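Shown next: run.csv, given as CSV, C-alpha atoms.
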```csv
chain,number,residue,atom,x,y,z
A,1,MET,CA,-2.9,-2.9,9.8
A,2,GLU,CA,-3.0,0.6,8.5
A,3,LEU,CA,-2.9,1.2,4.7
A,4,VAL,CA,-2.2,4.4,2.9
A,5,LEU,CA,-4.2,4.6,-0.4
A,6,LEU,CA,-2.6,6.4,-3.3
A,7,GLN,CA,-5.7,8.7,-3.4
A,8,LYS,CA,-5.8,12.2,-2.1
A,9,LEU,CA,-8.8,14.2,-0.8
A,10,GLN,CA,-8.9,18.0,-0.8
A,11,ASN,CA,-10.3,19.6,2.3
A,12,HIS,CA,-13.7,20.4,0.8
A,13,LEU,CA,-14.1,16.8,-0.3
A,14,ILE,CA,-13.1,15.0,2.9
A,15,LYS,CA,-16.6,14.4,4.3
A,16,ASP,CA,-18.2,13.4,1.0
A,17,GLY,CA,-15.1,11.5,-0.2
A,18,LEU,CA,-14.9,9.3,2.9
A,19,SER,CA,-18.6,8.6,2.7
A,20,TYR,CA,-18.3,7.6,-1.0
A,21,LEU,CA,-15.2,5.5,-0.4
A,22,ASN,CA,-16.8,3.8,2.6
A,23,GLU,CA,-19.6,2.5,0.3
A,24,VAL,CA,-17.1,1.4,-2.3
A,25,LEU,CA,-14.9,-0.5,0.2
A,26,GLY,CA,-18.0,-1.9,1.8
A,27,GLU,CA,-19.0,-3.5,-1.5
A,28,MET,CA,-15.5,-4.7,-2.1
A,29,SER,CA,-15.4,-6.4,1.3
A,30,SER,CA,-19.0,-7.8,1.4
A,31,GLU,CA,-17.9,-11.4,1.0
A,32,LEU,CA,-14.7,-11.2,3.0
A,33,LYS,CA,-14.1,-11.8,6.7
A,34,VAL,CA,-12.7,-8.3,7.3
A,35,SER,CA,-13.5,-5.0,8.9
A,36,PHE,CA,-12.2,-1.5,8.0
A,37,LYS,CA,-12.2,2.0,9.3
A,38,LEU,CA,-11.4,5.1,7.2
A,39,LEU,CA,-9.3,7.7,8.9
A,40,LYS,CA,-9.4,11.4,8.2
A,41,PRO,CA,-6.5,12.4,5.8
A,42,ALA,CA,-3.4,14.0,7.4
A,43,GLU,CA,-1.7,17.1,6.0
A,44,ASP,CA,-0.4,15.1,3.1
A,45,SER,CA,-4.0,14.5,2.0
A,46,TRP,CA,-3.4,10.7,1.5
A,47,ILE,CA,-6.4,8.5,2.5
A,48,ARG,CA,-5.7,6.0,5.3
A,49,VAL,CA,-7.7,3.0,6.3
A,50,GLU,CA,-7.4,0.5,9.2
A,51,VAL,CA,-8.0,-3.1,8.2
A,52,SER,CA,-8.4,-6.1,10.4
A,53,GLY,CA,-9.8,-9.7,10.1
A,54,ASP,CA,-8.9,-13.1,8.6
A,55,ASP,CA,-9.1,-11.8,5.0
A,56,SER,CA,-7.1,-8.6,5.6
A,57,GLU,CA,-4.4,-9.6,3.1
A,58,ILE,CA,-6.9,-10.4,0.4
A,59,PHE,CA,-8.7,-7.1,1.0
A,60,SER,CA,-5.5,-5.2,1.0
A,61,GLU,CA,-4.6,-6.7,-2.4
A,62,LEU,CA,-8.0,-5.7,-3.8
A,63,ILE,CA,-7.5,-2.2,-2.5
A,64,GLU,CA,-4.1,-2.0,-4.1
A,65,ARG,CA,-5.3,-3.1,-7.5
A,66,ARG,CA,-8.1,-0.5,-7.5
A,67,PHE,CA,-6.7,2.5,-5.7
A,68,GLY,CA,-2.9,1.8,-5.3
A,69,LEU,CA,-1.1,1.7,-2.0
A,70,ALA,CA,1.8,3.9,-0.9
A,71,PRO,CA,5.2,2.3,-0.6
A,72,LEU,CA,5.8,4.6,2.4
A,73,GLN,CA,9.5,3.9,2.9
A,74,PHE,CA,12.2,5.1,0.6
A,75,GLU,CA,14.2,1.9,1.2
A,76,LYS,CA,11.4,-0.1,-0.2
A,77,LEU,CA,11.6,1.5,-3.7
A,78,LYS,CA,13.1,-0.5,-6.5
A,79,VAL,CA,14.4,0.7,-9.9
A,80,GLY,CA,12.3,-0.7,-12.6
A,81,ASN,CA,9.1,-1.1,-10.6
A,82,ILE,CA,5.9,0.7,-11.6
A,83,TYR,CA,4.4,3.2,-9.1
A,84,ARG,CA,1.2,5.2,-9.1
A,85,GLY,CA,1.2,8.8,-7.9
A,86,VAL,CA,-0.3,12.2,-8.1
A,87,VAL,CA,1.3,15.3,-9.7
A,88,THR,CA,2.2,17.9,-7.1
A,89,LYS,CA,4.1,20.5,-9.1
A,90,SER,CA,3.6,21.1,-12.8
A,91,GLY,CA,5.1,23.8,-14.9
A,92,GLY,CA,6.4,25.8,-12.0
A,93,VAL,CA,9.9,24.6,-12.4
A,94,GLY,CA,11.6,24.3,-15.8
A,95,TYR,CA,13.4,20.9,-15.3
A,96,GLY,CA,10.4,18.6,-14.8
A,97,ILE,CA,7.2,17.6,-13.1
A,98,TYR,CA,7.1,16.4,-9.5
A,99,VAL,CA,5.0,13.4,-8.6
A,100,ASP,CA,4.1,12.2,-5.1
A,101,ILE,CA,4.3,8.4,-5.2
A,102,GLY,CA,3.7,8.0,-1.4
A,103,VAL,CA,7.2,8.1,0.0
A,104,LEU,CA,6.7,9.3,3.6
A,105,SER,CA,9.8,7.9,5.5
A,106,PRO,CA,12.4,8.9,6.5
A,107,SER,CA,10.8,12.1,5.2
A,108,PRO,CA,8.2,12.9,2.4
A,109,LYS,CA,9.9,12.9,-1.0
A,110,ASP,CA,8.4,13.5,-4.4
A,111,ALA,CA,9.7,11.8,-7.6
A,112,LEU,CA,10.8,13.9,-10.6
A,113,TYR,CA,9.6,13.3,-14.1
A,114,PRO,CA,12.4,15.2,-15.8
A,115,LEU,CA,12.1,17.5,-18.8
A,116,TYR,CA,14.4,15.3,-21.0
A,117,ALA,CA,12.2,12.3,-20.4
A,118,ALA,CA,9.0,14.3,-21.1
A,119,ARG,CA,10.5,15.5,-24.3
A,120,ALA,CA,11.5,12.0,-25.4
A,121,GLN,CA,8.1,10.4,-24.5
A,122,LEU,CA,5.6,13.2,-25.2
A,123,ALA,CA,7.2,15.7,-27.6
A,124,GLU,CA,9.0,13.5,-30.1
A,125,GLY,CA,12.3,14.9,-28.8
A,126,GLN,CA,11.4,18.5,-29.7
A,127,LYS,CA,12.7,21.2,-27.4
A,128,ARG,CA,9.4,22.1,-25.8
A,129,SER,CA,9.2,23.5,-22.3
A,130,ILE,CA,7.8,21.4,-19.4
A,131,LYS,CA,5.0,23.9,-19.1
A,132,GLN,CA,4.0,23.4,-22.7
A,133,ILE,CA,4.1,19.6,-22.4
A,134,ALA,CA,2.1,19.7,-19.1
A,135,GLU,CA,-0.5,22.0,-20.6
A,136,GLN,CA,-0.9,19.9,-23.7
A,137,HIS,CA,-1.5,16.7,-21.7
A,138,ILE,CA,-3.4,18.3,-18.7
A,139,MET,CA,-0.7,17.1,-16.3
A,140,TYR,CA,-1.7,19.6,-13.6
A,141,GLU,CA,-1.6,19.3,-9.9
A,142,GLY,CA,-3.8,16.4,-8.8
A,143,PHE,CA,-3.4,14.5,-12.0
A,144,PRO,CA,-2.9,10.7,-11.4
A,145,LEU,CA,0.2,9.3,-13.1
A,146,GLU,CA,1.6,5.8,-13.4
A,147,ALA,CA,5.4,5.8,-13.7
A,148,ARG,CA,8.4,3.5,-13.8
A,149,LEU,CA,11.2,4.3,-11.4
A,150,THR,CA,14.4,4.8,-13.4
A,151,GLU,CA,16.9,6.3,-11.0
A,152,LEU,CA,17.3,6.2,-7.2
A,153,ASP,CA,20.0,8.1,-5.4
A,154,VAL,CA,20.4,6.8,-1.9
A,155,ARG,CA,22.7,9.6,-0.8
A,156,SER,CA,20.5,12.5,-1.9
A,157,GLY,CA,17.2,10.7,-1.7
A,158,ASN,CA,16.4,11.8,-5.2
A,159,ILE,CA,13.9,9.7,-7.2
A,160,GLU,CA,13.5,9.9,-11.0
A,161,VAL,CA,10.7,8.4,-13.0
A,162,TRP,CA,9.5,8.0,-16.6
A,163,LEU,CA,5.9,7.4,-17.7
A,164,SER,CA,5.0,3.7,-17.7
A,165,ASP,CA,4.0,2.1,-21.0
A,166,ARG,CA,0.4,2.1,-19.9
A,167,GLN,CA,0.5,5.8,-19.0
A,168,LEU,CA,2.2,6.7,-22.3
A,169,ASP,CA,-0.4,4.7,-24.2
A,170,PHE,CA,-3.1,6.7,-22.5
A,171,PHE,CA,-1.7,10.0,-23.7
A,172,LEU,CA,-1.0,8.7,-27.2
A,173,LYS,CA,-4.6,7.5,-27.5
A,174,LEU,CA,-5.9,10.9,-26.4
A,175,GLY,CA,-4.1,12.5,-29.3
A,176,SER,CA,-5.0,9.9,-31.9
A,177,LEU,CA,-8.8,9.9,-31.6
A,178,PRO,CA,-11.0,12.8,-32.8
A,179,PHE,CA,-13.1,13.1,-29.7
A,180,GLU,CA,-12.9,16.3,-27.5
A,181,ARG,CA,-12.6,15.6,-23.8
A,182,VAL,CA,-13.1,17.3,-20.5
A,183,PHE,CA,-10.8,16.7,-17.5
A,184,ILE,CA,-12.5,17.4,-14.1
A,185,PHE,CA,-10.3,17.7,-11.0
A,186,ASN,CA,-11.5,17.9,-7.4
A,187,VAL,CA,-14.8,16.1,-7.9
A,188,LEU,CA,-16.0,12.7,-6.8
A,189,PRO,CA,-17.5,10.2,-9.3
A,190,ASN,CA,-21.0,10.4,-7.8
A,191,GLN,CA,-20.9,14.2,-7.8
A,192,LEU,CA,-20.1,14.3,-11.4
A,193,GLN,CA,-22.8,11.8,-12.3
A,194,GLU,CA,-25.4,13.9,-10.5
A,195,ALA,CA,-24.2,17.0,-12.3
A,196,LEU,CA,-24.5,15.3,-15.6
A,197,ARG,CA,-28.0,14.2,-14.8
A,198,LEU,CA,-29.2,17.6,-13.6
A,199,LEU,CA,-27.6,19.4,-16.6
A,200,GLU,CA,-29.0,16.8,-19.0
A,201,LEU,CA,-25.5,16.2,-20.4
A,202,ARG,CA,-25.5,12.5,-20.6
A,203,ARG,CA,-26.6,12.5,-24.2
A,204,ASP,CA,-23.5,14.6,-25.1
A,205,VAL,CA,-21.1,12.2,-23.4
A,206,ILE,CA,-19.8,8.8,-24.7
A,207,ASP,CA,-18.0,7.8,-21.6
A,208,VAL,CA,-16.8,8.8,-18.2
A,209,ASP,CA,-13.5,7.4,-16.9
A,210,LYS,CA,-12.5,7.5,-13.3
A,211,LEU,CA,-8.8,8.4,-13.5
A,212,SER,CA,-8.7,8.6,-9.7
A,213,LEU,CA,-11.1,9.2,-6.8
A,214,THR,CA,-11.1,12.9,-7.5
A,215,CYS,CA,-10.1,13.2,-11.2
A,216,GLN,CA,-12.6,12.2,-13.9
A,217,LEU,CA,-12.4,12.3,-17.7
A,218,LEU,CA,-15.4,12.9,-20.0
A,219,THR,CA,-15.3,11.8,-23.7
A,220,CYS,CA,-17.7,13.9,-25.7
A,221,LYS,CA,-19.6,12.7,-28.7
A,222,LEU,CA,-18.4,13.7,-32.1
A,223,GLY,CA,-19.8,17.2,-32.9
A,224,THR,CA,-20.2,18.0,-29.2
A,225,SER,CA,-18.2,21.0,-28.0
A,226,ALA,CA,-16.1,20.3,-24.9
A,227,VAL,CA,-16.1,24.0,-24.2
A,228,GLY,CA,-19.9,24.1,-24.0
A,229,VAL,CA,-19.9,21.1,-21.7
A,230,THR,CA,-17.2,22.7,-19.6
A,231,LYS,CA,-19.2,25.9,-19.2
A,232,LYS,CA,-22.3,24.0,-18.0
A,233,LEU,CA,-20.3,21.8,-15.6
A,234,ALA,CA,-18.6,24.8,-14.1
A,235,SER,CA,-22.0,26.3,-13.2
A,236,LYS,CA,-22.8,23.3,-11.1
A,237,LEU,CA,-19.4,22.1,-9.9
A,238,ARG,CA,-18.2,25.4,-8.4
A,239,GLN,CA,-15.1,24.0,-6.6
A,240,ALA,CA,-13.9,21.7,-9.4
A,241,ARG,CA,-11.1,22.5,-11.8
A,242,ILE,CA,-12.1,21.8,-15.3
A,243,PHE,CA,-10.0,21.6,-18.5
A,244,VAL,CA,-10.8,21.1,-22.1
A,245,TYR,CA,-8.7,18.7,-24.2
A,246,ALA,CA,-9.0,18.8,-28.0
A,247,PRO,CA,-6.8,16.5,-30.2
A,248,SER,CA,-6.0,19.4,-32.6
```
Starting from the file, give its structure as structure tokens.
Amino acid sequence: MELVLLQKLQNHLIKDGLSYLNEVLGEMSSELKVSFKLLKPAEDSWIRVEVSGDDSEIFSELIERRFGLAPLQFEKLKVGNIYRGVVTKSGGVGYGIYVDIGVLSPSPKDALYPLYAARAQLAEGQKRSIKQIAEQHIMYEGFPLEARLTELDVRSGNIEVWLSDRQLDFFLKLGSLPFERVFIFNVLPNQLQEALRLLELRRDVIDVDKLSLTCQLLTCKLGTSAVGVTKKLASKLRQARIFVYAPS
């Protein structure tokens, strides 16, 4: 069977990304009767993997828990279900943020996280623009989001989502704690760890969270400037997109 992981790889990360993921999947399948083969991402950038063997279903479930699997077909979507996806358009249109949740058939279709939902969930109902909300929460292109499907229009094919409770808690926690943070897009976990080692930044960082395969979150120690950490990382991770998040 062929699975489409809800993880995207940019062109410059394909070789290293597939190598890293091959090791991770190898560890996950080490005690299973299963074989797998990673395929080069298509134009949509989603990672695909061919799986075969007696334990294929078990392995598929493990993959889904860790990385998410694309629903693929529009007809399989259900209102009320939780879906993982990746932000594709943020701040470019005034009525919301577009999220790719892996709908590829009958044609690729992004879900919309509408402005009124973002205001209700993230701006306490205030009339802030979608650009302001996206910038405050670092919801830029490539950011992984978990959302609940709230509306589905079979005629138009339109999909509307709100943030899931878990995703909303993530953003609320960011704003409630005093730590400055650094979001790094377009970098693999092992690449970031190597950069932290070479730059001797590990002593300045409390934690590193893997938000997705290519999006990482650093939590700085109290008193550590996220701006300073960002400048150092930018010198080493030239193709990464790096953003500072400060609770204030």
ask   = Which value, in Å to one decimal, gives the distance between CA of Asn81 in chain A and CA of Gln121 in chain A?
value =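 About the pair CA of Asn81 in chain A and CA of Gln121 in chain A: they are 18.1 Å apart.
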task = Could you check which of A:Leu201, A:Val208, A:Val227, A:Leu145 is closest to Glu180 in chain A, using all atoms listed in the file?
result =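 Among the listed residues, A:Val227 lies closest to Glu180 in chain A.
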ask   = Which residue out of A:Ile130, A:Val51, A:Leu218, A:Ala70 has the minimum interatomic distance to Lys8 in chain A when only C-alpha atoms are used?
value =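 Looking only at the distances to Lys8 in chain A, the closest residue turns out to be A:Ala70.
Using only C-alpha atoms, the nearest neighbour of Ala195 in chain A within the list A:Leu237, A:Val244, A:Val229, A:Met1 is A:Leu237.
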key: Neighbour list for Ile138 in chain A as a ChimeraX atom specification, cut-off 8 Å, all atoms listed in the file, skip fewer than 2 positions in-chain   = /A:134-136,140,143,183,243,245
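The smallest atom-to-atom distance between Ile58 in chain A and any of A:Asp204, A:Ser29, A:Leu72, A:Phe36, using all atoms listed in the file, is found for A:Ser29.
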